[in-house]
file upload10.cif (mmCIF, C-alpha atoms)
data_final
loop_
_atom_site.label_atom_id
_atom_site.label_comp_id
_atom_site.auth_asym_id
_atom_site.auth_seq_id
_atom_site.Cartn_x
_atom_site.Cartn_y
_atom_site.Cartn_z
CA MET A 242 -115.89 4.75 -127.63
CA GLY A 243 -114.98 2.80 -130.72
CA ARG A 244 -111.43 4.13 -130.51
CA ILE A 245 -110.87 2.51 -127.11
CA ALA A 246 -112.94 -0.66 -127.68
CA GLY A 247 -109.86 -2.81 -128.22
CA ARG A 248 -108.50 -1.96 -124.79
CA PHE A 249 -111.12 -4.16 -123.11
CA ALA A 250 -110.91 -7.94 -123.27
CA ARG A 251 -114.64 -8.54 -122.70
CA VAL A 252 -117.69 -6.92 -124.26
CA GLU A 253 -119.38 -6.49 -120.86
CA ALA A 254 -116.56 -4.28 -119.61
CA ARG A 255 -116.53 -2.31 -122.86
CA ARG A 256 -120.26 -1.61 -122.65
CA ARG A 257 -120.04 -0.64 -119.01
CA ALA A 258 -117.18 1.76 -119.80
CA GLY A 259 -119.47 3.37 -122.38
CA ARG A 260 -122.18 3.80 -119.76
CA MET A 261 -119.60 5.24 -117.38
CA VAL A 262 -118.55 7.87 -119.94
CA LEU A 263 -122.20 8.71 -120.62
CA GLY A 264 -122.69 9.15 -116.89
CA LEU A 265 -119.68 11.45 -116.70
CA LEU A 266 -121.27 13.52 -119.48
CA SER A 267 -124.62 13.66 -117.69
CA ASP A 268 -126.03 16.52 -115.63
CA LEU A 269 -125.83 14.62 -112.34
CA PRO A 270 -125.13 17.01 -109.44
CA ARG A 271 -122.64 14.51 -108.01
CA LYS A 272 -120.84 11.89 -110.08
CA ASN A 273 -119.54 8.68 -108.56
CA CYS A 274 -120.06 4.95 -109.10
CA TRP A 275 -123.33 5.02 -107.16
CA THR A 276 -124.98 7.92 -108.95
CA ILE A 277 -123.72 6.92 -112.41
CA ALA A 278 -124.89 3.32 -111.98
CA GLU A 279 -128.37 4.49 -110.99
CA TRP A 280 -128.48 7.01 -113.86
CA ALA A 281 -127.36 4.32 -116.34
CA GLY A 282 -130.15 1.94 -115.27
CA GLU A 283 -127.99 -0.63 -113.50
CA ALA A 284 -129.37 -2.43 -110.46
CA THR A 285 -126.37 -1.87 -108.15
CA PRO A 286 -123.11 0.11 -108.16
CA HIS A 287 -120.99 -3.05 -108.05
CA GLY A 288 -120.49 -3.19 -111.83
CA MET A 289 -119.11 0.36 -112.03
CA GLN A 290 -116.85 -0.27 -109.04
CA HIS A 291 -115.68 -3.52 -110.63
CA LEU A 292 -114.79 -1.63 -113.82
CA LEU A 293 -112.48 0.70 -111.89
CA CYS A 294 -110.83 -1.83 -109.60
CA ARG A 295 -110.74 -5.37 -110.99
CA VAL A 296 -111.58 -5.50 -114.71
CA SER A 297 -108.49 -6.04 -116.89
CA TRP A 298 -107.86 -2.96 -119.03
CA ASP A 299 -104.95 -0.56 -119.47
CA ALA A 300 -105.74 3.03 -118.48
CA ASP A 301 -102.43 4.25 -119.95
CA ALA A 302 -103.32 2.77 -123.33
CA VAL A 303 -106.69 4.54 -123.23
CA ARG A 304 -104.86 7.73 -122.26
CA ASP A 305 -102.79 7.36 -125.43
CA ASP A 306 -106.01 6.90 -127.43
CA VAL A 307 -107.40 10.10 -125.91
CA ARG A 308 -104.22 11.96 -126.85
CA ASP A 309 -104.34 10.73 -130.46
CA TYR A 310 -108.05 11.58 -130.69
CA VAL A 311 -107.54 15.14 -129.46
CA VAL A 312 -104.52 15.83 -131.68
CA GLU A 313 -106.28 14.39 -134.74
CA ARG A 314 -109.51 16.34 -134.28
CA LEU A 315 -108.09 19.62 -132.86
CA HIS A 316 -104.91 19.60 -134.94
CA ASP A 317 -103.13 22.93 -135.16
CA GLU A 318 -99.60 23.56 -136.45
CA GLN A 319 -99.25 26.36 -133.88
CA ALA A 320 -100.70 24.41 -130.96
CA VAL A 321 -99.30 24.92 -127.47
CA LEU A 322 -98.77 22.24 -124.84
CA VAL A 323 -99.64 23.72 -121.45
CA VAL A 324 -98.50 22.03 -118.23
CA ASP A 325 -100.11 22.77 -114.88
CA GLU A 326 -101.27 21.06 -111.73
CA THR A 327 -104.61 21.03 -109.96
CA GLY A 328 -105.60 19.73 -106.55
CA ASP A 329 -108.62 17.89 -105.16
CA LEU A 330 -109.44 18.43 -101.50
CA LYS A 331 -109.56 15.16 -99.57
CA LYS A 332 -110.20 13.96 -96.04
CA GLY A 333 -108.10 11.41 -94.17
CA THR A 334 -104.66 10.10 -95.05
CA HIS A 335 -105.31 6.85 -96.94
CA THR A 336 -106.17 8.20 -100.41
CA VAL A 337 -103.14 7.82 -102.70
CA GLY A 338 -100.90 10.91 -102.80
CA VAL A 339 -102.81 12.85 -100.15
CA GLN A 340 -100.99 15.08 -97.70
CA ARG A 341 -101.20 18.65 -96.43
CA GLN A 342 -99.85 20.70 -99.33
CA TYR A 343 -100.55 23.88 -101.24
CA THR A 344 -103.24 23.66 -103.88
CA GLY A 345 -104.49 26.42 -106.12
CA THR A 346 -107.98 24.95 -105.87
CA ALA A 347 -108.23 26.23 -102.28
CA GLY A 348 -105.54 28.92 -102.56
CA ARG A 349 -103.83 27.66 -99.39
CA ILE A 350 -102.31 24.59 -97.75
CA GLU A 351 -104.96 21.90 -97.37
CA ASN A 352 -105.24 18.13 -97.15
CA SER A 353 -105.31 17.40 -100.87
CA GLN A 354 -104.30 15.23 -103.79
CA VAL A 355 -102.40 16.97 -106.61
CA ALA A 356 -102.02 15.87 -110.22
CA VAL A 357 -100.12 17.40 -113.15
CA TYR A 358 -101.88 17.61 -116.51
CA LEU A 359 -100.77 18.26 -120.08
CA VAL A 360 -103.29 20.24 -122.15
CA TYR A 361 -103.28 20.52 -125.94
CA ALA A 362 -104.37 24.06 -126.83
CA GLY A 363 -105.04 24.89 -130.46
CA ALA A 364 -107.08 27.44 -132.36
CA GLN A 365 -110.10 25.11 -132.52
CA GLY A 366 -110.17 24.07 -128.87
CA HIS A 367 -108.28 22.57 -125.97
CA ALA A 368 -108.38 19.35 -123.94
CA ALA A 369 -106.17 17.37 -121.56
CA VAL A 370 -104.04 14.71 -123.25
CA ASP A 371 -102.00 13.33 -120.34
CA ARG A 372 -101.93 13.15 -116.55
CA GLU A 373 -99.53 12.22 -113.78
CA LEU A 374 -100.38 11.92 -110.10
CA TYR A 375 -97.94 13.76 -107.84
CA ILE A 376 -96.71 11.37 -105.13
CA PRO A 377 -95.14 13.39 -102.27
CA ARG A 378 -91.87 12.35 -100.65
CA SER A 379 -93.78 11.53 -97.47
CA TRP A 380 -95.33 8.65 -99.43
CA THR A 381 -92.34 7.36 -101.40
CA CYS A 382 -90.29 6.95 -98.22
CA GLU A 383 -92.95 4.52 -96.87
CA PRO A 384 -93.01 1.47 -99.21
CA ASP A 385 -95.76 -0.31 -97.26
CA ARG A 386 -98.04 2.69 -97.56
CA CYS A 387 -97.40 2.91 -101.30
CA LEU A 388 -98.05 -0.80 -101.73
CA ALA A 389 -101.36 -0.53 -99.86
CA ALA A 390 -102.41 2.30 -102.20
CA GLY A 391 -101.66 0.24 -105.30
CA LEU A 392 -98.57 2.16 -106.41
CA PRO A 393 -95.86 0.32 -108.36
CA GLU A 394 -93.11 -1.24 -106.28
CA ASP A 395 -90.42 0.77 -108.05
CA ILE A 396 -92.14 4.11 -107.38
CA SER A 397 -89.72 6.94 -106.65
CA PHE A 398 -90.21 10.58 -105.84
CA ALA A 399 -90.57 12.92 -108.82
CA THR A 400 -91.09 16.67 -108.77
CA LYS A 401 -93.89 18.31 -110.69
CA PRO A 402 -91.49 19.59 -113.40
CA GLU A 403 -90.13 16.05 -113.78
CA LEU A 404 -93.68 14.75 -114.26
CA ALA A 405 -94.25 17.49 -116.85
CA GLY A 406 -91.07 16.45 -118.67
CA ARG A 407 -92.28 12.85 -118.80
CA MET A 408 -95.61 13.85 -120.34
CA VAL A 409 -94.04 16.12 -122.95
CA GLY A 410 -91.59 13.33 -123.78
CA ARG A 411 -94.44 10.84 -124.27
CA PHE A 412 -96.24 13.31 -126.53
CA LEU A 413 -93.16 13.78 -128.73
CA ASP A 414 -92.26 10.08 -128.73
CA ALA A 415 -95.75 9.31 -130.05
CA GLY A 416 -94.83 11.25 -133.20
CA HIS A 417 -96.97 14.32 -132.56
CA PRO A 418 -95.29 17.61 -133.47
CA VAL A 419 -95.68 20.56 -131.11
CA GLY A 420 -94.75 24.18 -131.60
CA TRP A 421 -94.55 25.44 -128.03
CA VAL A 422 -94.73 24.50 -124.36
CA ALA A 423 -96.07 26.91 -121.73
CA GLY A 424 -96.29 26.75 -117.96
CA ASP A 425 -96.23 28.76 -114.75
CA GLU A 426 -93.37 29.54 -112.34
CA VAL A 427 -93.25 25.99 -110.94
CA TYR A 428 -92.02 24.79 -114.34
CA GLY A 429 -90.24 27.90 -115.61
CA GLY A 430 -88.03 28.01 -112.54
CA ASN A 431 -86.81 24.44 -113.08
CA LEU A 432 -83.51 24.42 -114.95
CA ARG A 433 -83.67 20.68 -115.70
CA LEU A 434 -87.05 20.91 -117.43
CA ARG A 435 -85.88 23.83 -119.56
CA ALA A 436 -82.74 21.88 -120.50
CA VAL A 437 -84.80 18.83 -121.53
CA LEU A 438 -87.02 20.96 -123.78
CA GLU A 439 -84.01 22.67 -125.34
CA GLU A 440 -82.29 19.34 -126.04
CA ARG A 441 -85.38 18.17 -127.93
CA GLY A 442 -85.65 21.46 -129.82
CA VAL A 443 -89.02 22.37 -128.30
CA SER A 444 -89.77 26.08 -127.99
CA TYR A 445 -91.17 27.30 -124.69
CA VAL A 446 -92.53 30.33 -122.86
CA LEU A 447 -92.35 29.53 -119.14
CA ALA A 448 -93.16 31.95 -116.34
CA VAL A 449 -90.42 32.73 -113.80
CA ALA A 450 -90.32 34.66 -110.54
CA CYS A 451 -89.36 38.31 -110.39
CA ALA A 452 -86.20 37.30 -108.47
CA ALA A 453 -85.04 34.95 -111.26
CA GLU A 454 -81.58 35.88 -112.49
CA VAL A 455 -80.83 36.11 -116.21
CA THR A 456 -77.67 36.88 -118.15
CA THR A 457 -77.52 39.60 -120.79
CA GLY A 458 -74.67 41.08 -122.74
CA ALA A 459 -74.24 43.64 -119.94
CA GLY A 460 -74.06 41.08 -117.13
CA ARG A 461 -76.30 39.11 -114.78
CA PHE A 462 -79.44 40.76 -113.38
CA ARG A 463 -82.69 39.97 -111.60
CA ALA A 464 -85.70 39.95 -113.91
CA ASP A 465 -87.43 42.81 -112.07
CA THR A 466 -84.24 44.90 -112.17
CA LEU A 467 -84.08 44.58 -115.95
CA ALA A 468 -87.77 45.45 -116.27
CA ALA A 469 -87.24 48.68 -114.29
CA LYS A 470 -84.50 49.73 -116.72
CA MET A 471 -86.64 49.29 -119.84
CA PRO A 472 -87.20 52.58 -121.74
CA LYS A 473 -90.74 53.66 -122.55
CA ARG A 474 -90.30 52.97 -126.27
CA ALA A 475 -89.50 49.29 -125.57
CA TRP A 476 -93.07 48.51 -124.48
CA GLN A 477 -95.77 47.46 -126.94
CA LYS A 478 -99.50 47.10 -126.35
CA LEU A 479 -100.59 43.63 -127.46
CA SER A 480 -103.48 41.29 -126.70
CA ALA A 481 -102.83 38.04 -124.83
CA GLY A 482 -106.03 36.62 -126.31
CA ALA A 483 -109.75 37.04 -125.90
CA GLY A 484 -111.21 36.70 -122.40
CA ALA A 485 -114.69 36.82 -120.90
CA LYS A 486 -114.72 40.63 -121.18
CA GLY A 487 -112.93 41.04 -124.51
CA HIS A 488 -109.27 41.07 -125.46
CA ARG A 489 -106.75 41.02 -122.60
CA PHE A 490 -104.42 43.89 -123.46
CA TYR A 491 -101.08 44.31 -121.68
CA ASP A 492 -97.83 46.14 -122.29
CA TRP A 493 -95.06 43.77 -123.40
CA ALA A 494 -91.30 44.00 -123.76
CA VAL A 495 -88.64 41.45 -124.65
CA ILE A 496 -84.91 41.30 -123.91
CA ASP A 497 -82.38 39.05 -125.67
CA LEU A 498 -80.36 36.93 -123.27
CA ALA A 499 -76.77 35.74 -123.56
CA ASP A 500 -76.65 31.95 -123.50
CA SER A 501 -73.90 29.63 -124.63
CA GLY A 502 -76.30 27.00 -125.93
CA PRO A 503 -77.92 26.90 -129.37
CA GLY A 504 -81.17 28.68 -130.15
CA HIS A 505 -82.53 32.03 -129.07
CA HIS A 506 -83.08 32.84 -125.38
CA GLN A 507 -85.18 35.81 -124.31
CA LEU A 508 -86.87 37.33 -121.27
CA LEU A 509 -90.48 38.34 -121.94
CA ILE A 510 -92.03 40.93 -119.59
CA ARG A 511 -95.75 41.62 -119.22
CA ARG A 512 -97.02 44.79 -117.52
CA ASP A 513 -100.61 45.40 -116.46
CA ARG A 514 -101.82 48.63 -118.02
CA THR A 515 -103.82 49.60 -114.92
CA SER A 516 -101.88 48.43 -111.87
CA GLY A 517 -98.41 48.23 -113.38
CA GLU A 518 -97.97 44.69 -112.02
CA ARG A 519 -95.40 42.69 -113.98
CA ALA A 520 -94.97 39.05 -114.92
CA TYR A 521 -91.83 37.45 -116.37
CA TYR A 522 -91.23 34.58 -118.81
CA ARG A 523 -88.13 32.68 -119.91
CA CYS A 524 -88.40 32.02 -123.66
CA PHE A 525 -86.49 29.69 -125.95
CA SER A 526 -86.87 28.86 -129.62
CA PRO A 527 -84.53 27.26 -132.16
CA ALA A 528 -85.26 30.11 -134.60
CA PRO A 529 -86.02 33.80 -133.95
CA ASN A 530 -89.66 34.68 -133.25
CA PRO A 531 -91.39 38.06 -133.20
CA LEU A 532 -92.78 39.51 -129.98
CA ALA A 533 -96.36 38.81 -131.09
CA ALA A 534 -95.61 35.06 -131.29
CA LEU A 535 -94.23 35.00 -127.74
CA VAL A 536 -97.25 36.93 -126.48
CA ARG A 537 -99.62 34.45 -128.15
CA VAL A 538 -97.96 31.53 -126.40
CA ALA A 539 -97.89 33.31 -123.03
CA GLY A 540 -101.60 34.03 -123.39
CA SER A 541 -102.33 30.38 -124.23
CA ARG A 542 -101.42 29.34 -120.69
CA TRP A 543 -104.87 30.40 -119.51
CA ARG A 544 -106.37 27.58 -121.58
CA VAL A 545 -105.34 25.10 -118.91
CA GLU A 546 -107.52 26.87 -116.33
CA GLU A 547 -110.48 26.69 -118.71
CA THR A 548 -109.78 22.99 -119.24
CA PHE A 549 -109.74 22.32 -115.49
CA GLN A 550 -112.94 24.29 -114.99
CA SER A 551 -114.88 22.51 -117.73
CA GLY A 552 -113.32 19.12 -117.02
CA LYS A 553 -114.39 19.29 -113.39
CA GLY A 554 -117.72 20.99 -113.97
CA LEU A 555 -118.87 18.95 -116.97
CA ALA A 556 -117.03 15.61 -116.82
CA GLY A 557 -116.51 14.94 -113.10
CA LEU A 558 -112.71 15.10 -113.30
CA ASP A 559 -112.42 15.87 -109.57
CA GLU A 560 -115.35 13.84 -108.24
CA HIS A 561 -113.65 10.48 -107.92
CA GLN A 562 -114.24 8.79 -104.56
CA VAL A 563 -111.36 6.32 -104.81
CA ARG A 564 -108.29 5.60 -102.71
CA ARG A 565 -106.01 3.38 -104.78
CA PHE A 566 -103.82 4.50 -107.67
CA THR A 567 -105.39 2.19 -110.28
CA PHE A 568 -108.87 3.50 -109.47
CA TRP A 569 -107.67 7.11 -109.74
CA SER A 570 -105.93 6.63 -113.09
CA ARG A 571 -108.95 4.86 -114.61
CA TRP A 572 -111.50 7.42 -113.41
CA VAL A 573 -109.39 10.39 -114.52
CA THR A 574 -108.67 8.84 -117.92
CA LEU A 575 -112.36 8.25 -118.65
CA ALA A 576 -113.16 11.78 -117.47
CA MET A 577 -110.51 13.12 -119.86
CA LEU A 578 -112.14 11.14 -122.66
CA ALA A 579 -115.58 12.56 -121.80
CA HIS A 580 -114.26 16.13 -121.80
CA ALA A 581 -112.31 15.56 -125.03
CA PHE A 582 -115.56 14.46 -126.68
CA LEU A 583 -117.18 17.78 -125.72
CA ALA A 584 -114.20 19.80 -126.97
CA VAL A 585 -114.05 17.94 -130.29
CA THR A 586 -117.82 18.16 -130.80
CA ARG A 587 -117.69 21.89 -130.13
CA ALA A 588 -114.93 22.36 -132.72
CA ALA A 589 -116.78 20.24 -135.29
CA GLU A 590 -120.04 22.15 -134.81
CA HIS A 591 -118.26 25.49 -135.17
CA ALA A 592 -116.71 24.31 -138.44
CA ARG A 593 -119.90 22.80 -139.90
CA HIS A 594 -122.54 25.18 -138.58
CA PRO A 595 -121.28 28.72 -137.89
CA ALA A 596 -123.53 30.54 -135.45
CA PRO A 597 -126.01 32.92 -137.13
CA ASP A 598 -126.37 36.52 -136.08
CA GLY A 599 -127.87 36.89 -132.64
CA LEU A 600 -126.46 33.61 -131.30
CA ILE A 601 -123.12 32.82 -129.70
CA PRO A 602 -121.36 29.68 -130.97
CA LEU A 603 -122.21 26.43 -129.21
CA THR A 604 -120.30 26.01 -125.93
CA CYS A 605 -119.25 22.79 -124.20
CA ASN A 606 -121.86 23.50 -121.52
CA GLU A 607 -124.66 23.76 -124.06
CA ILE A 608 -123.47 20.68 -125.95
CA GLN A 609 -123.53 18.72 -122.68
CA ARG A 610 -127.11 19.86 -121.96
CA LEU A 611 -128.31 18.88 -125.44
CA PHE A 612 -126.44 15.59 -125.41
CA THR A 613 -127.82 14.62 -121.99
CA ALA A 614 -131.38 15.50 -123.01
CA LEU A 615 -131.21 13.57 -126.29
CA VAL A 616 -129.08 10.57 -125.33
CA GLY A 617 -129.57 10.01 -121.60
CA PRO A 618 -131.50 6.90 -120.46
CA THR A 619 -134.95 7.20 -118.94
CA SER A 620 -135.70 5.59 -115.58
CA ASP A 621 -139.08 4.21 -114.53
CA ALA A 622 -140.64 4.24 -111.07
CA ILE A 623 -139.69 0.63 -110.31
CA HIS A 624 -136.02 1.43 -110.97
CA GLN A 625 -136.15 4.45 -108.65
CA LEU A 626 -137.84 2.46 -105.86
CA HIS A 627 -135.26 -0.31 -106.21
CA TRP A 628 -132.43 2.18 -105.69
CA SER A 629 -134.20 3.76 -102.73
CA LEU A 630 -134.37 0.36 -101.04
CA TRP A 631 -130.76 -0.35 -101.99
CA ARG A 632 -129.49 2.86 -100.39
CA ARG A 633 -131.51 2.29 -97.21
CA ARG A 634 -130.27 -1.29 -96.94
CA HIS A 635 -126.64 -0.20 -97.44
CA GLN A 636 -127.01 2.63 -94.90
CA ALA A 637 -128.49 0.20 -92.34
CA ARG A 638 -125.60 -2.20 -92.87
CA SER A 639 -123.06 0.63 -92.53
CA ARG A 640 -124.69 1.89 -89.32
CA THR A 641 -124.61 -1.57 -87.80
CA ILE A 642 -120.91 -1.92 -88.58
CA HIS A 643 -120.12 1.54 -87.17
CA TYR A 644 -122.05 0.82 -83.98
CA HIS A 645 -120.28 -2.49 -83.60
#

call {"tool": "encode", "arguments": {"input": "upload10.cif", "output": "structure tokens"}}
result
Amino acid sequence: MGRIAGRFARVEARRRAGRMVLGLLSDLPRKNCWTIAEWAGEATPHGMQHLLCRVSWDADAVRDDVRDYVVERLHDEQAVLVVDETGDLKKGTHTVGVQRQYTGTAGRIENSQVAVYLVYAGAQGHAAVDRELYIPRSWTCEPDRCLAAGLPEDISFATKPELAGRMVGRFLDAGHPVGWVAGDEVYGGNLRLRAVLEERGVSYVLAVACAAEVTTGAGRFRADTLAAKMPKRAWQKLSAGAGAKGHRFYDWAVIDLADSGPGHHQLLIRRDRTSGERAYYRCFSPAPNPLAALVRVAGSRWRVEETFQSGKGLAGLDEHQVRRFTFWSRWVTLAMLAHAFLAVTRAAEHARHPAPDGLIPLTCNEIQRLFTALVGPTSDAIHQLHWSLWRRRHQARSRTIHYH
């Protein structure tokens, strides 16, 4: 919290932000301004709500502090920046950015809010370092609706790959070196994003669809057509990294592509050893890289799913009950900070205290349990009774208004 202290003009807001982060790190079954305020020992939820909506502080500046903190503590020369989006299911139409759209959270089209995240994945750990809310075209074409949701007046529609390009650009402009960028088909299929990364000399391994066309010395082919022509000797068994059940072994092959631009362009193909299912990746690097390096980067993409899972499960990343853009950006930024603390603590504990035989290394889940038990505030009976009366009074007021 000391790293972000200067972002708050008043000490009261700074202390309340600290209690908010502690609440996000707690074991509350549901995390919002009401539950966190009660857990933190405050008399009403108004202070927490005030922190998110009216207190003067810059969420983007805190986001930059989170990024610097993660890169400093999880620094890795071979780190990979992973871009991906995640959705939060919502009801109604007034929450900023909400519309019926596909979200991987539900696996189908649902009323949801989607955001794109940038995750720093190194050998010691991984955490989100940037975020951008996806504002659909149905919103940007209605200025009054955007204004009511607290969006900037100059807001314009941007695709998810464009949002990813902005975040990678901010990361590089901050002076942080990065070896690779990885992403799924949404980003690999976007020619403009690939061109931006190539112009800045950033290597990438981005997934593409099987129907994606690539150019080789023999002509232009679909990716799946080239994969079918690969001889048996071209495939190598390599691990994409350790998973929950051990190393994830696949068969891999790589094909050099003909491209007029500088650098080395390749098509990486992954084949499941059991089902034969294939996945395809467009690869670029200023200098040649062995197949094992490309496989390592392709396997790093799964880190973003782990980040989403732990960020939502441990730090309340998806539990915001807010409608306006400022509220969303502040909640998500503080949740990113809370999760980054867990990731950094985990890496530090692994370095200082290796797990003895018979114990697995400390996980973020276990660190959260210990931290909550040792640091969390204790509440007395009077405090609990006060909140019971507060809830009942608020519910009575709400019922009266609804009946009216």

call {"tool": "residues_around", "arguments": {"input": "upload10.cif", "residues": "stretch 261-274 of chain A", "least_positions_apart": "3", "cutoff": "10 Å", "atoms": "all atoms listed in the file", "output": "ChimeraX atom specification"}}
result
/A:242,255-258,277-281,285-293,552,554-563,572,575-580,582-583,608-610,612-614,616-618

call {"tool": "atom_distance", "arguments": {"input": "upload10.cif", "atom1": "atom CA of A:Tyr491", "atom2": "atom CA of A:Ala320"}}
result
22.0 Å

call {"tool": "closest_residue", "arguments": {"input": "upload10.cif", "among": "A:Ala481, A:Ala399, A:Leu615, A:Val323", "to": "A:Gly429", "atoms": "all atoms listed in the file"}}
result
A:Val323

call {"tool": "closest_residue", "arguments": {"input": "upload10.cif", "among": "A:Arg441, A:Arg489, A:Arg248, A:Lys331", "to": "A:Arg537", "atoms": "only C-alpha atoms"}}
result
A:Arg489

call {"tool": "residues_around", "arguments": {"input": "upload10.cif", "residues": "stretch 366-378 of chain A", "least_positions_apart": "4", "cutoff": "8 Å", "atoms": "all atoms listed in the file", "output": "JSON, numbers by chain"}}
result
{"A": [304, 305, 307, 308, 311, 315, 337, 338, 339, 340, 354, 355, 356, 357, 358, 359, 360, 361, 362, 382, 398, 399, 400, 401, 404, 408, 544, 548, 577, 580, 581, 584, 585, 587, 588]}

call {"tool": "closest_residue", "arguments": {"input": "upload10.cif", "among": "A:Arg435, A:Lys478, A:Arg638, A:His591", "to": "A:Gln365", "atoms": "only C-alpha atoms"}}
result
A:His591

call {"tool": "atom_distance", "arguments": {"input": "upload10.cif", "atom1": "atom CA of A:Ala389", "atom2": "atom CA of A:Phe568"}}
result
12.8 Å

call {"tool": "closest_residue", "arguments": {"input": "upload10.cif", "among": "A:Asn530, A:Thr327, A:Thr466, A:Thr336", "to": "A:Glu547", "atoms": "all atoms listed in the file"}}
result
A:Thr327
